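> So here's work_25.tsv, just TSV, C-alpha atoms:
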chain	number	residue	atom	x	y	z
A	1	MET	CA	76.92	120.09	119.01
A	2	TYR	CA	74.05	118.73	116.92
A	3	ASP	CA	70.44	119.67	117.43
A	4	ALA	CA	68.04	116.86	118.20
A	5	PRO	CA	64.88	117.36	116.20
A	6	HIS	CA	61.73	116.00	117.84
A	7	ALA	CA	61.52	113.33	115.12
A	8	ASP	CA	64.74	111.74	116.47
A	9	GLY	CA	62.93	110.94	119.70
A	10	THR	CA	64.68	109.21	122.57
A	11	VAL	CA	67.91	108.52	120.70
A	12	GLY	CA	68.23	112.16	119.71
A	13	LYS	CA	67.68	113.27	123.28
A	14	ALA	CA	70.27	110.79	124.57
A	15	MET	CA	72.75	112.17	122.06
A	16	GLN	CA	72.02	115.66	123.36
A	17	VAL	CA	72.96	114.50	126.85
A	18	LEU	CA	76.21	112.96	125.55
A	19	ASP	CA	77.02	116.19	123.70
A	20	GLN	CA	76.38	118.16	126.88
A	21	VAL	CA	78.70	115.98	128.96
A	22	ALA	CA	81.39	116.22	126.25
A	23	SER	CA	81.07	119.99	126.07
A	24	PHE	CA	82.36	120.37	129.64
A	25	GLN	CA	85.68	118.76	128.64
A	26	ARG	CA	86.05	117.50	132.22
A	27	PRO	CA	84.15	115.22	134.59
A	28	VAL	CA	80.82	116.86	135.42
A	29	ARG	CA	78.33	116.59	138.28
A	30	PHE	CA	74.65	115.85	137.66
A	31	SER	CA	73.68	119.21	139.14
A	32	GLU	CA	75.86	120.98	136.55
A	33	LEU	CA	74.17	119.08	133.73
A	34	LEU	CA	70.73	119.84	135.13
A	35	ALA	CA	71.47	123.55	135.37
A	36	ASN	CA	71.78	123.82	131.56
A	37	SER	CA	69.59	120.94	130.44
A	38	PRO	CA	66.38	121.27	128.42
A	39	PHE	CA	65.08	118.14	130.20
A	40	PRO	CA	63.33	117.93	133.59
A	41	LYS	CA	65.33	116.30	136.41
A	42	PRO	CA	63.68	112.83	136.27
A	43	THR	CA	64.13	112.63	132.47
A	44	LEU	CA	67.74	113.77	132.58
A	45	TYR	CA	68.49	111.33	135.42
A	46	ARG	CA	66.97	108.46	133.42
A	47	PHE	CA	69.09	109.31	130.36
A	48	VAL	CA	72.26	109.61	132.40
A	49	GLN	CA	71.58	106.29	134.13
A	50	THR	CA	70.86	104.48	130.85
A	51	LEU	CA	73.92	105.94	129.13
A	52	THR	CA	76.06	104.90	132.10
A	53	ASN	CA	74.62	101.37	132.05
A	54	GLN	CA	75.42	101.19	128.33
A	55	GLY	CA	79.02	102.29	128.85
A	56	MET	CA	78.53	105.52	126.93
A	57	LEU	CA	79.10	107.49	130.14
A	58	ALA	CA	81.33	106.57	133.08
A	59	PHE	CA	80.34	107.41	136.66
A	60	ASP	CA	82.96	108.13	139.32
A	61	ALA	CA	81.17	107.23	142.57
A	62	GLU	CA	83.85	108.82	144.75
A	63	ARG	CA	83.72	112.22	143.04
A	64	GLN	CA	80.07	111.88	141.96
A	65	THR	CA	80.94	112.92	138.41
A	66	TYR	CA	80.17	111.72	134.89
A	67	SER	CA	82.60	111.55	131.97
A	68	MET	CA	82.72	109.96	128.51
A	69	GLY	CA	82.47	106.16	128.74
A	70	LEU	CA	84.85	103.47	127.51
A	71	ARG	CA	82.32	102.21	124.96
A	72	LEU	CA	82.28	105.64	123.40
A	73	VAL	CA	86.08	105.62	123.26
A	74	ARG	CA	86.04	102.20	121.56
A	75	LEU	CA	83.56	103.48	118.97
A	76	ALA	CA	85.71	106.55	118.33
A	77	HIS	CA	88.78	104.37	117.82
A	78	ALA	CA	86.86	102.14	115.40
A	79	ALA	CA	85.83	105.20	113.39
A	80	TRP	CA	89.41	106.47	113.39
A	81	ARG	CA	90.85	103.15	112.21
A	82	HIS	CA	88.75	103.35	109.06
A	83	SER	CA	89.41	107.00	108.40
A	84	SER	CA	91.54	107.95	105.43
A	85	LEU	CA	91.90	110.93	103.17
A	86	ALA	CA	89.70	109.15	100.61
A	87	SER	CA	86.80	108.57	103.01
A	88	VAL	CA	87.05	112.07	104.46
A	89	ALA	CA	87.22	113.70	101.03
A	90	ARG	CA	84.59	111.64	99.19
A	91	PRO	CA	81.52	113.87	99.80
A	92	PHE	CA	83.44	116.99	98.74
A	93	ILE	CA	84.82	115.32	95.61
A	94	GLU	CA	81.39	114.07	94.61
A	95	ALA	CA	79.91	117.53	95.06
A	96	LEU	CA	82.67	119.17	92.97
A	97	ALA	CA	82.41	116.59	90.18
A	98	GLU	CA	78.64	116.93	89.97
A	99	LYS	CA	78.90	120.72	89.94
A	100	ILE	CA	81.47	121.10	87.17
A	101	GLY	CA	80.90	117.85	85.24
A	102	GLU	CA	84.54	116.79	85.00
A	103	SER	CA	86.70	114.00	86.49
A	104	ILE	CA	88.21	114.62	89.93
A	105	HIS	CA	91.39	112.98	91.17
A	106	LEU	CA	92.49	112.72	94.80
A	107	ALA	CA	96.09	111.81	95.51
A	108	GLN	CA	98.79	111.56	98.14
A	109	ILE	CA	102.52	111.22	97.63
A	110	ASP	CA	104.82	108.49	98.82
A	111	ASN	CA	108.53	108.50	98.11
A	112	GLY	CA	108.21	110.90	95.20
A	113	HIS	CA	105.43	108.93	93.57
A	114	VAL	CA	101.79	109.94	93.44
A	115	LEU	CA	99.30	107.45	94.80
A	116	PHE	CA	95.79	108.03	93.53
A	117	VAL	CA	93.48	107.33	96.46
A	118	ASP	CA	90.19	108.21	94.78
A	119	LYS	CA	88.72	109.21	91.45
A	120	TYR	CA	85.22	110.38	90.58
A	121	ARG	CA	83.94	110.39	87.00
A	122	VAL	CA	80.73	112.01	85.85
A	123	THR	CA	81.14	111.50	82.11
A	124	ASP	CA	81.88	108.50	79.89
A	125	LYS	CA	83.23	110.72	77.11
A	126	PHE	CA	86.85	110.24	78.21
A	127	ASP	CA	88.86	108.48	80.89
A	128	THR	CA	92.26	108.96	82.47
A	129	LEU	CA	94.98	106.50	83.49
A	130	ALA	CA	94.50	107.52	87.11
A	131	GLN	CA	92.70	104.86	89.14
A	132	ALA	CA	92.40	104.49	92.89
A	133	GLY	CA	95.38	102.44	94.07
A	134	LYS	CA	97.58	103.23	91.06
A	135	ILE	CA	100.81	105.19	91.25
A	136	ALA	CA	102.24	107.74	88.85
A	137	PRO	CA	105.40	109.85	88.77
A	138	GLY	CA	105.13	112.85	91.07
A	139	TYR	CA	107.02	115.22	88.81
A	140	CYS	CA	104.72	115.11	85.77
A	141	THR	CA	101.25	115.07	87.29
A	142	GLY	CA	99.36	118.13	88.50
A	143	VAL	CA	98.65	116.57	91.89
A	144	GLY	CA	102.26	115.42	92.28
A	145	LYS	CA	103.77	118.80	91.41
A	146	VAL	CA	101.52	120.73	93.75
A	147	ILE	CA	102.18	118.36	96.67
A	148	LEU	CA	105.93	118.56	96.07
A	149	ALA	CA	105.72	122.36	96.05
A	150	PHE	CA	104.11	122.46	99.50
A	151	MET	CA	106.21	119.77	101.22
A	152	SER	CA	108.72	120.62	103.90
A	153	GLU	CA	112.20	121.17	102.47
A	154	ARG	CA	113.44	117.92	103.98
A	155	ALA	CA	110.57	115.80	102.59
A	156	GLN	CA	110.86	117.59	99.25
A	157	ASN	CA	114.57	116.86	99.11
A	158	ARG	CA	113.99	113.17	99.84
A	159	ALA	CA	111.15	112.90	97.28
A	160	LEU	CA	113.12	114.63	94.55
A	161	GLY	CA	116.09	112.40	95.29
A	162	THR	CA	113.90	109.34	94.73
A	163	ILE	CA	112.58	110.79	91.48
A	164	LEU	CA	116.08	111.45	90.22
A	165	CYS	CA	117.14	107.92	91.11
A	166	CYS	CA	114.32	106.68	88.85
A	167	LEU	CA	115.16	109.08	86.01
A	168	TYR	CA	118.94	108.78	86.28
A	169	PRO	CA	119.74	105.35	87.78
A	170	GLN	CA	123.46	105.97	87.41
A	171	TYR	CA	123.27	108.54	90.23
A	172	ALA	CA	121.66	106.14	92.69
A	173	SER	CA	124.98	104.43	93.38
A	174	GLY	CA	127.29	107.07	91.98
A	175	PRO	CA	129.68	109.41	93.78
A	176	HIS	CA	127.13	112.27	93.74
A	177	ASN	CA	124.72	110.36	95.96
A	178	SER	CA	126.48	110.09	99.27
A	179	GLY	CA	123.53	111.17	101.35
A	180	GLY	CA	120.51	110.54	99.16
A	181	GLY	CA	119.02	113.91	98.36
A	182	ILE	CA	118.54	116.49	95.67
A	183	GLY	CA	121.53	118.45	96.93
A	184	ASN	CA	123.84	115.66	95.82
A	185	TYR	CA	122.75	115.78	92.19
A	186	PRO	CA	124.35	117.99	89.59
A	187	GLN	CA	122.53	121.18	88.69
A	188	GLY	CA	120.27	120.75	85.68
A	189	ALA	CA	119.66	117.05	86.24
A	190	CYS	CA	116.13	117.77	87.37
A	191	GLY	CA	113.47	118.77	84.86
A	192	LEU	CA	110.68	119.83	87.20
B	1	MET	CA	98.10	125.43	91.98
B	2	ALA	CA	99.82	123.22	89.42
B	3	TYR	CA	98.97	122.09	85.91
B	4	ASP	CA	99.46	118.90	83.98
B	5	ARG	CA	99.66	119.81	80.31
B	6	GLU	CA	99.53	116.31	78.83
B	7	GLU	CA	102.82	115.52	80.61
B	8	HIS	CA	101.58	112.30	82.16
B	9	GLU	CA	99.01	111.24	79.60
B	10	LEU	CA	98.53	112.42	76.02
B	11	GLY	CA	95.21	114.23	75.58
B	12	ILE	CA	94.62	114.73	79.32
B	13	ILE	CA	95.14	118.04	81.15
B	14	SER	CA	94.48	118.93	84.77
B	15	ILE	CA	94.60	121.67	87.34
B	16	ALA	CA	95.55	120.69	90.91
B	17	CYS	CA	95.29	122.27	94.34
B	18	PRO	CA	97.09	121.15	97.53
B	19	ILE	CA	95.11	119.92	100.52
B	20	LEU	CA	96.55	121.71	103.52
B	21	THR	CA	95.73	121.43	107.21
B	22	GLY	CA	95.53	124.47	109.47
B	23	GLN	CA	99.23	124.06	110.20
B	24	GLU	CA	99.95	124.35	106.47
B	25	GLN	CA	100.92	120.67	106.33
B	26	VAL	CA	100.21	119.14	102.92
B	27	VAL	CA	98.22	115.90	103.19
B	28	GLY	CA	97.44	115.41	99.51
B	29	ALA	CA	96.03	117.13	96.45
B	30	VAL	CA	92.87	117.25	94.43
B	31	SER	CA	92.67	117.91	90.73
B	32	ILE	CA	90.17	118.44	87.93
B	33	ALA	CA	91.12	116.41	84.87
B	34	THR	CA	89.69	116.67	81.42
B	35	SER	CA	90.34	115.78	77.80
B	36	THR	CA	91.95	118.23	75.37
B	37	ASN	CA	89.11	117.33	73.02
B	38	ARG	CA	86.75	119.02	75.47
B	39	TYR	CA	88.62	121.88	77.08
B	40	CYS	CA	91.91	123.76	77.36
B	41	ILE	CA	93.85	124.92	80.44
B	42	ASP	CA	92.13	128.31	80.37
B	43	ASP	CA	88.77	126.56	80.68
B	44	LEU	CA	90.05	124.66	83.74
B	45	ASN	CA	91.17	127.93	85.32
B	46	LYS	CA	87.52	128.98	85.52
B	47	HIS	CA	86.95	126.12	87.97
B	48	TRP	CA	89.80	127.22	90.25
B	49	PRO	CA	87.58	128.85	92.95
B	50	ASP	CA	85.49	125.65	93.26
B	51	LEU	CA	88.62	123.48	93.32
B	52	ARG	CA	90.25	125.67	95.99
B	53	ASP	CA	87.10	125.65	98.15
B	54	THR	CA	86.90	121.85	97.87
B	55	ALA	CA	90.57	121.45	98.87
B	56	ASN	CA	90.03	123.78	101.84
B	57	SER	CA	87.00	121.80	103.01
B	58	ILE	CA	88.87	118.50	102.71
B	59	GLY	CA	91.85	120.00	104.55
B	60	ALA	CA	89.66	121.08	107.47
B	61	GLN	CA	88.12	117.61	107.72
B	62	ALA	CA	91.51	115.90	107.33
B	63	GLU	CA	92.85	117.90	110.25
B	64	LEU	CA	89.86	116.96	112.38
B	65	TRP	CA	90.35	113.26	111.57
B	66	GLN	CA	94.13	113.49	111.74
B	67	VAL	CA	94.54	111.49	108.53
B	68	PRO	CA	98.06	110.13	108.01
B	69	THR	CA	100.51	111.96	105.77
B	70	TRP	CA	103.31	110.42	103.78
B	71	GLY	CA	106.60	111.89	102.68
Let me see the structure of the file written as structure tokens.


Amino acid sequence: MYDAPHADGTVGKAMQVLDQVASFQRPVRFSELLANSPFPKPTLYRFVQTLTNQGMLAFDAERQTYSMGLRLVRLAHAAWRHSSLASVARPFIEALAEKIGESIHLAQIDNGHVLFVDKYRVTDKFDTLAQAGKIAPGYCTGVGKVILAFMSERAQNRALGTILCCLYPQYASGPHNSGGGIGNYPQGACGL
Amino acid sequence: MAYDREEHELGIISIACPILTGQEQVVGAVSIATSTNRYCIDDLNKHWPDLRDTANSIGAQAELWQVPTWG
């Protein structure tokens, strides 16, 4: 839960009420909110009424309880739709780059290939081929190798199979590749 | 951790750390890349604690946001 400094005024206080309702993790009665609220009863009631009118809280008249409103759920979904590893990681990558003064790459892996999803440069003295949106072989990049090492055995097998198909096209349709995986390739064919 | 010793690009080296969620699921990786004109692998090793802390922080946020993973 976030604190609401006095400078945040009415909006900050309303957010405090939302946080309090959410903290119960179940529908909650007004009396339960009041018992632990920093606000006097008329103020708390006014906030709860306004938040309900705005769809941020939902009121169940039969049970006389409040829960998180549909508008809040829609907002959460909108935030989720735009979430990605790049957006989540950006502040941390910026902080690291500024601290050490070197380029930072962020990547994910897809079918044995590395997809660079973000890059942060702090110096113009050199540049790398990595750019957000570009792909690179998983087996010869630091990010690719470390992701491959931590994948589940099944995903690793599939990714390495794809890599070998790229390196040794003859195996893609050859007798070794009946199931499409690293296990079907001859020992020594992989140079990881 | 993993290194790239100019394997992908001549003159560029890097040190990489996986981004793991609490369930040890890998969602990606982060790396520090530099030019061999500036530093060597041993120099990059000095940044390992910062790189690891960054990867851990991203992993915690990624789990919270349930970012998609690819195989």

> Suppose you want the space between CA of Gly12 in chain A and CA of His82 in chain A; what is it in Å?

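Between CA of Gly12 in chain A and CA of His82 in chain A the gap is 24.7 Å.
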
> Kindly provide, as a VMD selection string, the residues of chain B having any atom no farther than 9 Å from an atom of chain A, counting all atoms listed in the file.

chain B and resid 1 to 9 12 to 20 24 to 35 47 50 to 51 54 to 55 57 to 59 61 to 62 65 to 71

> Can you work out the spacing between CA of Thr52 in chain A and CA of Met68 in chain A in Å, to one decimal?

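Going from CA of Thr52 in chain A over to CA of Met68 in chain A, I get 9.1 Å.
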
> In Å, with one decimal, what is the gap from CA of Pro42 in chain A to CA of Phe30 in chain A?

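If I compute the distance from CA of Pro42 in chain A to CA of Phe30 in chain A, I get 11.5 Å.
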
> If you take every atom of range 58-61 of chain B that the file lists and fit an axis-aligned box around them with 8 Å extra on each side, what centre and edge lengths come out in Å to one decimal, as AutoDock Vina command-line options?


--center_x 90.0 --center_y 119.3 --center_z 105.2 --size_x 19.7 --size_y 19.5 --size_z 21.0
